[in-house]
>>> print(open('structure16.pdb').read())   # PDB, C-alpha atoms
MODEL        1
ATOM      1  CA  MET A   1       0.000   0.000   0.000
ATOM      2  CA  SER A   2       1.283   3.464  -0.811
ATOM      3  CA  LEU A   3       2.018   6.010   1.859
ATOM      4  CA  LEU A   4      -0.771   8.187   0.469
ATOM      5  CA  GLN A   5      -3.345   5.457   0.972
ATOM      6  CA  THR A   6      -2.187   5.043   4.563
ATOM      7  CA  ILE A   7      -2.621   8.777   5.034
ATOM      8  CA  PHE A   8      -6.162   8.550   3.618
ATOM      9  CA  GLU A   9      -6.999   5.660   5.972
ATOM     10  CA  GLU A  10      -5.601   7.378   9.046
ATOM     11  CA  THR A  11      -6.917  10.865   8.310
ATOM     12  CA  PHE A  12     -10.440   9.932   7.316
ATOM     13  CA  LYS A  13     -10.742   6.744   9.430
ATOM     14  CA  ILE A  14     -11.714   4.710   6.391
ATOM     15  CA  SER A  15     -10.992   1.120   5.402
ATOM     16  CA  TYR A  16      -8.157  -0.180   3.239
ATOM     17  CA  GLU A  17     -10.678  -0.853   0.454
ATOM     18  CA  GLU A  18     -12.112   2.659   0.578
ATOM     19  CA  ALA A  19      -8.636   4.199   0.564
ATOM     20  CA  ASN A  20      -7.962   2.331  -2.679
ATOM     21  CA  GLN A  21     -10.925   3.832  -4.500
ATOM     22  CA  ASP A  22     -11.095   7.226  -6.145
ATOM     23  CA  LEU A  23     -13.270   8.874  -3.551
ATOM     24  CA  ALA A  24     -14.099  12.559  -3.672
ATOM     25  CA  MET A  25     -14.639  14.904  -0.762
ATOM     26  CA  GLN A  26     -18.415  14.433  -0.847
ATOM     27  CA  ASP A  27     -18.023  10.638  -0.683
ATOM     28  CA  VAL A  28     -16.061  10.608   2.571
ATOM     29  CA  ALA A  29     -18.148  11.296   5.647
ATOM     30  CA  ASN A  30     -15.582  13.145   7.727
ATOM     31  CA  TRP A  31     -13.672  14.914   4.954
ATOM     32  CA  ASP A  32     -14.385  18.543   5.773
ATOM     33  CA  SER A  33     -12.363  21.746   5.899
ATOM     34  CA  LEU A  34     -10.779  20.742   9.218
ATOM     35  CA  THR A  35      -9.784  17.190   8.290
ATOM     36  CA  HIS A  36      -8.513  18.694   5.035
ATOM     37  CA  MET A  37      -5.992  20.584   7.178
ATOM     38  CA  ASP A  38      -4.972  17.298   8.818
ATOM     39  CA  LEU A  39      -4.650  15.727   5.374
ATOM     40  CA  ILE A  40      -2.393  18.501   4.057
ATOM     41  CA  SER A  41      -0.289  18.495   7.209
ATOM     42  CA  ALA A  42       0.164  14.692   6.981
ATOM     43  CA  ILE A  43       1.026  14.739   3.267
ATOM     44  CA  GLU A  44       3.595  17.513   3.704
ATOM     45  CA  ASP A  45       5.178  15.926   6.775
ATOM     46  CA  LYS A  46       5.286  12.330   5.570
ATOM     47  CA  LEU A  47       6.170  12.984   1.933
ATOM     48  CA  ALA A  48       8.439  15.967   2.655
ATOM     49  CA  ILE A  49       6.824  18.169   0.034
ATOM     50  CA  ARG A  50       5.425  21.688   0.144
ATOM     51  CA  LEU A  51       2.035  22.260  -1.469
ATOM     52  CA  SER A  52       0.872  25.585  -2.875
ATOM     53  CA  SER A  53      -2.423  27.130  -1.818
ATOM     54  CA  ASP A  54      -3.871  26.357  -5.277
ATOM     55  CA  GLU A  55      -2.800  22.718  -5.037
ATOM     56  CA  ILE A  56      -4.300  22.455  -1.549
ATOM     57  CA  ALA A  57      -7.602  23.805  -2.853
ATOM     58  CA  ASP A  58      -7.533  21.405  -5.820
ATOM     59  CA  MET A  59      -7.057  18.309  -3.646
ATOM     60  CA  THR A  60     -10.713  17.339  -3.483
ATOM     61  CA  SER A  61     -10.445  13.691  -4.527
ATOM     62  CA  PHE A  62      -7.974  10.867  -3.974
ATOM     63  CA  ASP A  63      -7.064  10.833  -7.678
ATOM     64  CA  ALA A  64      -6.473  14.580  -7.681
ATOM     65  CA  ILE A  65      -4.270  14.230  -4.612
ATOM     66  CA  LYS A  66      -2.248  11.405  -6.206
ATOM     67  CA  ARG A  67      -1.797  13.428  -9.400
ATOM     68  CA  ILE A  68      -0.643  16.550  -7.536
ATOM     69  CA  VAL A  69       1.682  14.587  -5.254
ATOM     70  CA  ASN A  70       3.175  12.770  -8.261
ATOM     71  CA  GLU A  71       4.034  16.130  -9.811
ATOM     72  CA  HIS A  72       6.204  16.827  -6.756
ATOM     73  CA  GLN A  73       8.124  13.543  -7.024
TER      74      GLN A  73
ATOM     75  CA  MET B   1      10.799  30.134  19.594
ATOM     76  CA  ASN B   2      13.964  32.145  19.530
ATOM     77  CA  ILE B   3      12.834  35.756  19.120
ATOM     78  CA  GLU B   4      16.073  36.927  17.509
ATOM     79  CA  GLN B   5      15.702  37.851  13.811
ATOM     80  CA  LYS B   6      11.971  37.090  13.800
ATOM     81  CA  VAL B   7       9.347  39.496  12.473
ATOM     82  CA  ALA B   8       6.854  40.411  15.187
ATOM     83  CA  ILE B   9       3.670  42.451  14.901
ATOM     84  CA  VAL B  10       2.328  44.375  17.881
ATOM     85  CA  THR B  11      -1.019  46.149  17.646
ATOM     86  CA  GLY B  12      -1.783  49.166  19.792
ATOM     87  CA  ALA B  13       1.963  49.689  19.915
ATOM     88  CA  ALA B  14       2.087  53.443  20.413
ATOM     89  CA  SER B  15       1.572  53.408  24.183
ATOM     90  CA  GLY B  16       1.153  51.301  27.326
ATOM     91  CA  PHE B  17       1.599  47.524  27.064
ATOM     92  CA  GLY B  18       1.966  47.664  23.294
ATOM     93  CA  LYS B  19       4.847  50.098  23.403
ATOM     94  CA  ALA B  20       6.602  48.132  26.140
ATOM     95  CA  LEU B  21       6.094  44.893  24.192
ATOM     96  CA  ALA B  22       7.418  46.389  20.962
ATOM     97  CA  ILE B  23      10.539  47.641  22.732
ATOM     98  CA  ALA B  24      11.066  44.341  24.595
ATOM     99  CA  LEU B  25      10.796  42.294  21.387
ATOM    100  CA  SER B  26      13.148  44.628  19.510
ATOM    101  CA  GLN B  27      15.660  44.416  22.365
ATOM    102  CA  ARG B  28      15.611  40.624  21.913
ATOM    103  CA  GLY B  29      16.531  40.987  18.253
ATOM    104  CA  ALA B  30      13.131  40.912  16.547
ATOM    105  CA  THR B  31      12.121  43.284  13.798
ATOM    106  CA  VAL B  32       8.895  44.746  15.098
ATOM    107  CA  ALA B  33       6.020  46.008  12.981
ATOM    108  CA  ALA B  34       4.318  48.490  15.289
ATOM    109  CA  LEU B  35       0.671  49.036  14.436
ATOM    110  CA  ASP B  36      -1.469  51.790  15.867
ATOM    111  CA  ILE B  37      -4.248  54.087  14.764
ATOM    112  CA  ASP B  38      -2.169  57.095  15.925
ATOM    113  CA  PRO B  39       0.648  57.734  13.411
ATOM    114  CA  HIS B  40       2.197  60.559  15.441
ATOM    115  CA  ALA B  41       2.602  58.432  18.560
ATOM    116  CA  LEU B  42       4.042  55.652  16.397
ATOM    117  CA  ALA B  43       6.580  58.089  14.941
ATOM    118  CA  ASN B  44       7.828  58.859  18.451
ATOM    119  CA  LEU B  45       8.303  55.155  19.120
ATOM    120  CA  THR B  46      10.147  54.364  15.906
ATOM    121  CA  ALA B  47      12.332  57.491  16.083
ATOM    122  CA  THR B  48      14.241  56.029  19.010
ATOM    123  CA  ASN B  49      14.138  52.344  18.090
ATOM    124  CA  GLN B  50      15.841  51.189  14.903
ATOM    125  CA  ASN B  51      14.268  47.726  14.853
ATOM    126  CA  ILE B  52      10.712  49.024  15.139
ATOM    127  CA  VAL B  53       8.874  49.974  11.948
ATOM    128  CA  ALA B  54       5.646  51.983  12.046
ATOM    129  CA  PHE B  55       2.545  50.780  10.233
ATOM    130  CA  PRO B  56      -0.408  53.072  10.958
ATOM    131  CA  CYS B  57      -3.503  50.879  10.910
ATOM    132  CA  ASP B  58      -7.082  50.835  12.110
ATOM    133  CA  VAL B  59      -7.561  47.207  13.183
ATOM    134  CA  THR B  60     -11.342  47.536  12.890
ATOM    135  CA  ASN B  61     -10.987  47.893   9.101
ATOM    136  CA  HIS B  62     -10.394  44.428   7.633
ATOM    137  CA  GLU B  63      -9.309  45.742   4.229
ATOM    138  CA  GLN B  64      -6.712  47.970   5.860
ATOM    139  CA  VAL B  65      -5.543  45.064   8.018
ATOM    140  CA  ASP B  66      -5.103  42.807   4.968
ATOM    141  CA  GLN B  67      -3.102  45.540   3.198
ATOM    142  CA  VAL B  68      -0.859  46.202   6.189
ATOM    143  CA  ILE B  69      -0.162  42.494   6.718
ATOM    144  CA  ALA B  70       0.783  42.191   3.025
ATOM    145  CA  HIS B  71       3.115  45.215   3.359
ATOM    146  CA  ILE B  72       4.775  43.776   6.457
ATOM    147  CA  ASP B  73       5.302  40.444   4.714
ATOM    148  CA  ASP B  74       6.792  42.203   1.658
ATOM    149  CA  GLU B  75       8.957  44.704   3.515
ATOM    150  CA  LEU B  76      10.077  42.844   6.644
ATOM    151  CA  GLY B  77       9.738  39.156   5.714
ATOM    152  CA  ASP B  78       7.944  36.141   7.145
ATOM    153  CA  ILE B  79       5.697  36.966  10.085
ATOM    154  CA  SER B  80       6.417  34.737  13.100
ATOM    155  CA  ILE B  81       4.816  36.587  16.006
ATOM    156  CA  LEU B  82       1.502  38.414  16.256
ATOM    157  CA  ILE B  83       0.656  40.196  19.500
ATOM    158  CA  ASN B  84      -2.953  41.384  19.470
ATOM    159  CA  ASN B  85      -2.752  44.086  22.090
ATOM    160  CA  ALA B  86      -4.920  46.928  20.743
ATOM    161  CA  GLY B  87      -7.967  47.319  22.931
ATOM    162  CA  LEU B  88     -10.550  49.708  24.317
ATOM    163  CA  MET B  89     -12.027  49.710  27.796
ATOM    164  CA  ARG B  90     -15.323  51.379  28.636
ATOM    165  CA  ASN B  91     -16.970  51.329  32.029
ATOM    166  CA  THR B  92     -20.699  51.222  31.431
ATOM    167  CA  PRO B  93     -23.268  49.307  33.470
ATOM    168  CA  LEU B  94     -26.034  47.488  31.614
ATOM    169  CA  LEU B  95     -28.481  49.902  33.229
ATOM    170  CA  ASN B  96     -27.419  53.306  34.529
ATOM    171  CA  LEU B  97     -30.213  54.270  36.873
ATOM    172  CA  LEU B  98     -28.742  57.738  37.388
ATOM    173  CA  ASP B  99     -29.044  58.679  33.738
ATOM    174  CA  ARG B 100     -32.593  59.830  32.988
ATOM    175  CA  ASN B 101     -31.977  60.171  29.246
ATOM    176  CA  GLU B 102     -30.111  56.945  28.475
ATOM    177  CA  ARG B 103     -30.574  54.306  31.162
ATOM    178  CA  LYS B 104     -29.630  51.402  28.953
ATOM    179  CA  HIS B 105     -26.044  50.529  27.975
ATOM    180  CA  SER B 106     -25.359  52.531  24.816
ATOM    181  CA  ILE B 107     -25.263  50.607  21.575
ATOM    182  CA  SER B 108     -22.474  52.823  20.238
ATOM    183  CA  SER B 109     -20.240  52.061  23.236
ATOM    184  CA  TRP B 110     -20.923  48.312  22.814
ATOM    185  CA  ARG B 111     -20.074  48.414  19.118
ATOM    186  CA  GLU B 112     -16.997  50.573  19.621
ATOM    187  CA  VAL B 113     -15.483  48.154  22.145
ATOM    188  CA  MET B 114     -16.425  45.015  20.204
ATOM    189  CA  ALA B 115     -15.051  46.484  16.965
ATOM    190  CA  VAL B 116     -11.565  46.980  18.387
ATOM    191  CA  ASN B 117     -11.309  44.188  20.963
ATOM    192  CA  GLN B 118     -13.113  41.402  19.141
ATOM    193  CA  ASP B 119     -13.246  42.249  15.406
ATOM    194  CA  GLY B 120      -9.742  43.722  15.418
ATOM    195  CA  VAL B 121      -8.250  40.561  16.915
ATOM    196  CA  PHE B 122     -10.180  38.410  14.437
ATOM    197  CA  PHE B 123      -9.139  40.513  11.422
ATOM    198  CA  MET B 124      -5.475  40.541  12.435
ATOM    199  CA  ALA B 125      -5.337  36.834  13.233
ATOM    200  CA  ARG B 126      -7.000  35.611  10.038
ATOM    201  CA  SER B 127      -4.692  37.689   7.874
ATOM    202  CA  ALA B 128      -1.453  36.958   9.757
ATOM    203  CA  ALA B 129      -2.295  33.246  10.117
ATOM    204  CA  GLU B 130      -2.800  32.979   6.361
ATOM    205  CA  LYS B 131       0.727  34.340   5.818
ATOM    206  CA  MET B 132       2.152  31.988   8.455
ATOM    207  CA  LEU B 133       0.425  29.024   6.845
ATOM    208  CA  ASP B 134       1.383  29.983   3.283
ATOM    209  CA  LYS B 135       5.039  30.324   4.329
ATOM    210  CA  ARG B 136       4.812  27.296   6.675
ATOM    211  CA  VAL B 137       6.067  29.466   9.516
ATOM    212  CA  LYS B 138       5.569  27.877  12.928
ATOM    213  CA  GLY B 139       4.377  31.156  14.358
ATOM    214  CA  VAL B 140       2.555  32.279  17.462
ATOM    215  CA  ILE B 141      -0.483  34.470  18.048
ATOM    216  CA  ILE B 142      -0.630  36.045  21.499
ATOM    217  CA  ASN B 143      -3.861  37.794  22.404
ATOM    218  CA  ILE B 144      -4.008  40.195  25.309
ATOM    219  CA  SER B 145      -7.125  39.285  27.254
ATOM    220  CA  SER B 146      -8.016  40.403  30.756
ATOM    221  CA  ILE B 147      -9.348  39.054  34.035
ATOM    222  CA  ALA B 148     -12.519  40.786  32.814
ATOM    223  CA  ALA B 149     -13.090  37.793  30.504
ATOM    224  CA  LYS B 150     -14.771  36.176  33.515
ATOM    225  CA  GLY B 151     -17.127  39.143  33.866
ATOM    226  CA  ASN B 152     -16.177  42.428  35.540
ATOM    227  CA  ILE B 153     -19.006  44.418  37.048
ATOM    228  CA  GLY B 154     -19.709  47.554  34.969
ATOM    229  CA  GLN B 155     -17.891  46.234  31.900
ATOM    230  CA  THR B 156     -20.397  44.324  29.775
ATOM    231  CA  ALA B 157     -18.764  45.084  26.431
ATOM    232  CA  TYR B 158     -15.164  44.843  27.607
ATOM    233  CA  SER B 159     -15.796  41.557  29.438
ATOM    234  CA  ALA B 160     -17.689  40.062  26.492
ATOM    235  CA  SER B 161     -14.967  41.090  24.064
ATOM    236  CA  LYS B 162     -12.220  39.535  26.185
ATOM    237  CA  ALA B 163     -14.212  36.308  26.646
ATOM    238  CA  ALA B 164     -14.551  36.214  22.860
ATOM    239  CA  VAL B 165     -10.812  36.722  22.485
ATOM    240  CA  GLU B 166     -10.087  33.771  24.796
ATOM    241  CA  ALA B 167     -12.559  31.556  22.936
ATOM    242  CA  MET B 168     -11.167  32.507  19.516
ATOM    243  CA  SER B 169      -7.668  31.925  20.794
ATOM    244  CA  ASN B 170      -8.559  28.376  21.859
ATOM    245  CA  VAL B 171     -10.225  27.685  18.507
ATOM    246  CA  TRP B 172      -7.135  28.830  16.614
ATOM    247  CA  ALA B 173      -4.892  26.717  18.848
ATOM    248  CA  LYS B 174      -6.978  23.667  17.880
ATOM    249  CA  GLU B 175      -7.218  24.529  14.192
ATOM    250  CA  LEU B 176      -3.670  25.714  13.524
ATOM    251  CA  GLY B 177      -1.723  23.495  15.907
ATOM    252  CA  ARG B 178      -1.320  20.819  13.228
ATOM    253  CA  PHE B 179       0.792  23.338  11.306
ATOM    254  CA  GLY B 180       2.860  24.246  14.348
ATOM    255  CA  ILE B 181       1.111  27.597  14.789
ATOM    256  CA  ARG B 182       0.322  28.400  18.424
ATOM    257  CA  SER B 183      -2.316  30.683  19.872
ATOM    258  CA  MET B 184      -2.831  31.729  23.470
ATOM    259  CA  CYS B 185      -3.820  34.579  25.761
ATOM    260  CA  ILE B 186      -2.247  36.637  28.486
ATOM    261  CA  ALA B 187      -4.822  37.959  30.955
ATOM    262  CA  PRO B 188      -3.547  40.857  33.045
ATOM    263  CA  GLY B 189      -5.274  41.943  36.223
ATOM    264  CA  PHE B 190      -5.017  45.505  37.432
ATOM    265  CA  ILE B 191      -1.750  46.884  36.126
ATOM    266  CA  ASP B 192      -0.291  50.242  37.054
ATOM    267  CA  THR B 193      -0.874  52.088  33.779
ATOM    268  CA  SER B 194      -2.426  55.411  32.872
ATOM    269  CA  GLY B 195      -5.243  53.425  31.245
ATOM    270  CA  THR B 196      -6.094  51.725  34.548
ATOM    271  CA  HIS B 197      -6.094  55.038  36.392
ATOM    272  CA  ASP B 198      -8.195  56.670  33.653
ATOM    273  CA  ALA B 199     -10.742  53.851  33.733
ATOM    274  CA  LEU B 200     -11.102  53.418  37.484
ATOM    275  CA  GLU B 201     -11.670  55.777  40.364
ATOM    276  CA  ASP B 202      -8.897  55.584  42.988
ATOM    277  CA  LYS B 203     -11.319  54.188  45.614
ATOM    278  CA  MET B 204     -12.483  51.492  43.206
ATOM    279  CA  LEU B 205      -8.903  50.519  42.361
ATOM    280  CA  ALA B 206      -8.049  50.349  46.067
ATOM    281  CA  ARG B 207     -10.919  47.883  46.580
ATOM    282  CA  TRP B 208      -9.622  45.675  43.758
ATOM    283  CA  VAL B 209      -6.124  45.765  45.253
ATOM    284  CA  GLU B 210      -7.572  44.606  48.593
ATOM    285  CA  GLN B 211      -8.959  41.537  46.809
ATOM    286  CA  THR B 212      -5.626  40.790  45.127
ATOM    287  CA  SER B 213      -3.547  38.169  46.934
ATOM    288  CA  LEU B 214      -0.342  40.125  46.477
ATOM    289  CA  ARG B 215      -2.057  43.366  47.638
ATOM    290  CA  ARG B 216      -0.709  45.528  44.838
ATOM    291  CA  THR B 217      -1.228  46.414  41.207
ATOM    292  CA  GLY B 218       0.992  44.759  38.620
ATOM    293  CA  LYS B 219       3.742  46.393  36.630
ATOM    294  CA  ILE B 220       3.907  46.633  32.848
ATOM    295  CA  ASN B 221       7.196  44.714  32.788
ATOM    296  CA  GLU B 222       5.482  41.800  34.586
ATOM    297  CA  VAL B 223       2.980  41.513  31.734
ATOM    298  CA  VAL B 224       5.761  41.875  29.159
ATOM    299  CA  ALA B 225       7.670  39.016  30.841
ATOM    300  CA  ALA B 226       4.610  36.750  30.517
ATOM    301  CA  VAL B 227       4.247  37.571  26.823
ATOM    302  CA  ILE B 228       7.921  36.871  26.162
ATOM    303  CA  CYS B 229       7.574  33.547  28.013
ATOM    304  CA  ALA B 230       4.537  32.645  25.876
ATOM    305  CA  VAL B 231       6.410  33.486  22.677
ATOM    306  CA  GLU B 232       9.507  31.514  23.639
ATOM    307  CA  ASN B 233       7.848  28.355  24.984
ATOM    308  CA  ASP B 234       6.961  26.180  21.995
ATOM    309  CA  PHE B 235       4.770  23.788  23.999
ATOM    310  CA  MET B 236       2.316  26.393  25.243
ATOM    311  CA  THR B 237      -0.869  26.859  23.238
ATOM    312  CA  GLY B 238      -4.606  27.122  23.773
ATOM    313  CA  THR B 239      -4.271  28.470  27.272
ATOM    314  CA  THR B 240      -4.528  31.735  29.153
ATOM    315  CA  ILE B 241      -1.862  32.921  31.554
ATOM    316  CA  ALA B 242      -3.253  35.150  34.287
ATOM    317  CA  VAL B 243      -0.906  37.934  35.384
ATOM    318  CA  ASP B 244      -3.125  39.278  38.134
ATOM    319  CA  GLY B 245      -1.374  38.915  41.491
ATOM    320  CA  GLY B 246      -3.824  36.173  42.455
ATOM    321  CA  LEU B 247      -6.994  38.222  41.945
ATOM    322  CA  SER B 248      -8.699  35.469  39.969
ATOM    323  CA  ILE B 249      -8.041  32.688  42.501
TER     324      ILE B 249
ENDMDL
END
>>> encode(input="structure16.pdb", output="structure tokens")
Amino acid sequence: MSLLQTIFEETFKISYEEANQDLAMQDVANWDSLTHMDLISAIEDKLAIRLSSDEIADMTSFDAIKRIVNEHQ
Amino acid sequence: MNIEQKVAIVTGAASGFGKALAIALSQRGATVAALDIDPHALANLTATNQNIVAFPCDVTNHEQVDQVIAHIDDELGDISILINNAGLMRNTPLLNLLDRNERKHSISSWREVMAVNQDGVFFMARSAAEKMLDKRVKGVIINISSIAAKGNIGQTAYSASKAAVEAMSNVWAKELGRFGIRSMCIAPGFIDTSGTHDALEDKMLARWVEQTSLRRTGKINEVVAAVICAVENDFMTGTTIAVDGGLSI
């Protein structure tokens, strides 16, 4: 499992299977503006990258997050 | 946080606590952005302190606040410390039975106090925190509250505004802590300042001193020391330090 999927599981308290799907913000019960801050903090800390404010605002689905993170690696 | 070489903002910096805080931070090596609505008083402060830069600003105007924060970020660099000190105190009972014309607490006095003490803190914090977050600065927001946050007789607006400041401060500690940004309050009791003497009759102040464990008013440098401690200690957030000689026990 990728580090990103672990972050999804831990941040949103979702299952391994759910973390493997392309879920969007509206599909995840506790993905709100506050858990979004946790998500960004975890991604930046664990992947040692720095996201721009536009990228942070664009990260509204797991696929979008993977795409943006990939651009940093 | 090591204060040296950091950029610090102090509101209400032209006099009283704010002036003392600006000087104390500059003496510890910070570059201080001194904000005040009075540009002439600010000029006096900056004339004698090289590391203090004047930014005239009305904290009740959110557009002006956003502009000033952007200027500070451009001219001085990353903002690490925000001290929300600007405040107004008005002594007005909810009902003044001696006033035949206006018995009820004036709406204008309520709005005036809330605009500076509550809105001003909110406007400054949201703008400065955005800069801290964008630059990933592990900064600190220190809000000057008061023992009045628990409800001082005759100070409906002032007490309400300071309670709001403590609540907002706790919210920001919870929200921004994950980015290493801290937020907390310092709550002075009765401090020996011209503001205290202007606001309270001597007899009233003497009664408050009688109720203070240490049986005296505080000194400005004792409040400054608490603020410096709050800035420097990286594990303090979401709390309020009382500097009141034991009055609130």
>>> residues_around(input="structure16.pdb", residues="range 33-45 of chain A", least_positions_apart="2", cutoff="9 Å", atoms="only C-alpha atoms", output="VMD selection string")
(chain A and resid 3 to 4 7 to 8 11 to 12 30 to 31 47 to 51 56 59 to 60 69) or (chain B and resid 175 to 176 178 to 179)
>>> atom_distance(input="structure16.pdb", atom1="CA of Lys13 in chain A", atom2="CA of Ser52 in chain A")
25.3 Å
>>> closest_residue(input="structure16.pdb", among="B:Val227, B:Leu214, B:Leu133, B:Met168", to="chain A", atoms="only C-alpha atoms")
B:Leu133
>>> resolve_selection(input="structure16.pdb", expression="the PyMOL selection byres ((chain B and resi 6-15) around 7)", output="PyMOL selection string")
chain B and resi 3-5+16-19+22+30-36+41-42+45+76-86
>>> resolve_selection(input="structure16.pdb", expression="the PyMOL selection byres ((chain A and resi 62) around 6)", output="list in words")
Asp22, Leu23, Ser61, Asp63, Ala64 and Ile65 of chain A
>>> residues_around(input="structure16.pdb", residues="range 188-205 of chain B", least_positions_apart="2", cutoff="6 Å", atoms="all atoms listed in the file", output="VMD selection string")
chain B and resid 146 to 147 207 to 208 217 to 219 242 to 244
>>> atom_distance(input="structure16.pdb", atom1="CA of Ser169 in chain B", atom2="CA of Met184 in chain B")
5.5 Å
>>> atom_distance(input="structure16.pdb", atom1="CA of Asn143 in chain B", atom2="CA of Ala125 in chain B")
9.3 Å
>>> residues_around(input="structure16.pdb", residues="Gly154 in chain B", least_positions_apart="5", cutoff="7 Å", atoms="only C-alpha atoms", output="mmCIF file with C-alpha atoms, keeping the file's coordinate frame")
data_model
loop_
_atom_site.group_PDB
_atom_site.id
_atom_site.type_symbol
_atom_site.label_atom_id
_atom_site.label_comp_id
_atom_site.auth_asym_id
_atom_site.auth_seq_id
_atom_site.Cartn_x
_atom_site.Cartn_y
_atom_site.Cartn_z
ATOM 1 C CA ASN B 91 -16.970 51.329 32.029
ATOM 2 C CA THR B 92 -20.699 51.222 31.431
ATOM 3 C CA PRO B 93 -23.268 49.307 33.470
#
>>> axis_aligned_box(input="structure16.pdb", around="range 55-65 of chain A", padding_each_side="5 Å", output="AutoDock Vina command-line options")
--center_x -6.8 --center_y 17.3 --center_z -4.6 --size_x 17.9 --size_y 23.0 --size_z 16.1
>>> decode(input="structure16.pdb", residues="range 13-24 of chain A", atoms="N, CA, C and O atoms", output="compact mmCIF listing (two decimals), in the first residue's frame")
# COMPACT_ATOMS: atom_id res chain seq x y z
N LYS A 13 -10.25 7.92 8.70
CA LYS A 13 -10.74 6.74 9.43
C LYS A 13 -11.59 5.87 8.51
O LYS A 13 -12.75 5.53 8.81
N ILE A 14 -11.01 5.55 7.36
CA ILE A 14 -11.71 4.71 6.39
C ILE A 14 -10.96 3.40 6.22
O ILE A 14 -9.82 3.26 6.70
N SER A 15 -11.60 2.44 5.55
CA SER A 15 -10.99 1.12 5.40
C SER A 15 -9.94 1.11 4.30
O SER A 15 -9.87 2.06 3.48
N TYR A 16 -9.17 0.03 4.29
CA TYR A 16 -8.16 -0.18 3.24
C TYR A 16 -8.81 -0.14 1.87
O TYR A 16 -8.30 0.49 0.94
N GLU A 17 -9.98 -0.80 1.75
CA GLU A 17 -10.68 -0.85 0.45
C GLU A 17 -11.11 0.55 0.01
O GLU A 17 -10.93 0.92 -1.14
N GLU A 18 -11.66 1.29 0.92
CA GLU A 18 -12.11 2.66 0.58
C GLU A 18 -10.93 3.54 0.17
O GLU A 18 -11.03 4.34 -0.76
N ALA A 19 -9.82 3.38 0.86
CA ALA A 19 -8.64 4.20 0.56
C ALA A 19 -8.07 3.88 -0.81
O ALA A 19 -7.31 4.68 -1.38
N ASN A 20 -8.44 2.72 -1.35
CA ASN A 20 -7.96 2.33 -2.68
C ASN A 20 -8.85 2.82 -3.81
O ASN A 20 -8.50 2.68 -4.98
N GLN A 21 -10.02 3.33 -3.46
CA GLN A 21 -10.92 3.83 -4.50
C GLN A 21 -10.62 5.30 -4.79
O GLN A 21 -9.91 5.95 -4.04
N ASP A 22 -11.22 5.78 -5.90
CA ASP A 22 -11.09 7.23 -6.14
C ASP A 22 -12.29 7.93 -5.52
O ASP A 22 -13.28 8.21 -6.18
N LEU A 23 -12.17 8.19 -4.23
CA LEU A 23 -13.27 8.87 -3.55
C LEU A 23 -13.04 10.38 -3.61
O LEU A 23 -11.91 10.85 -3.57
N ALA A 24 -14.16 11.09 -3.70
CA ALA A 24 -14.10 12.56 -3.67
C ALA A 24 -14.55 13.05 -2.29
O ALA A 24 -15.05 12.26 -1.48
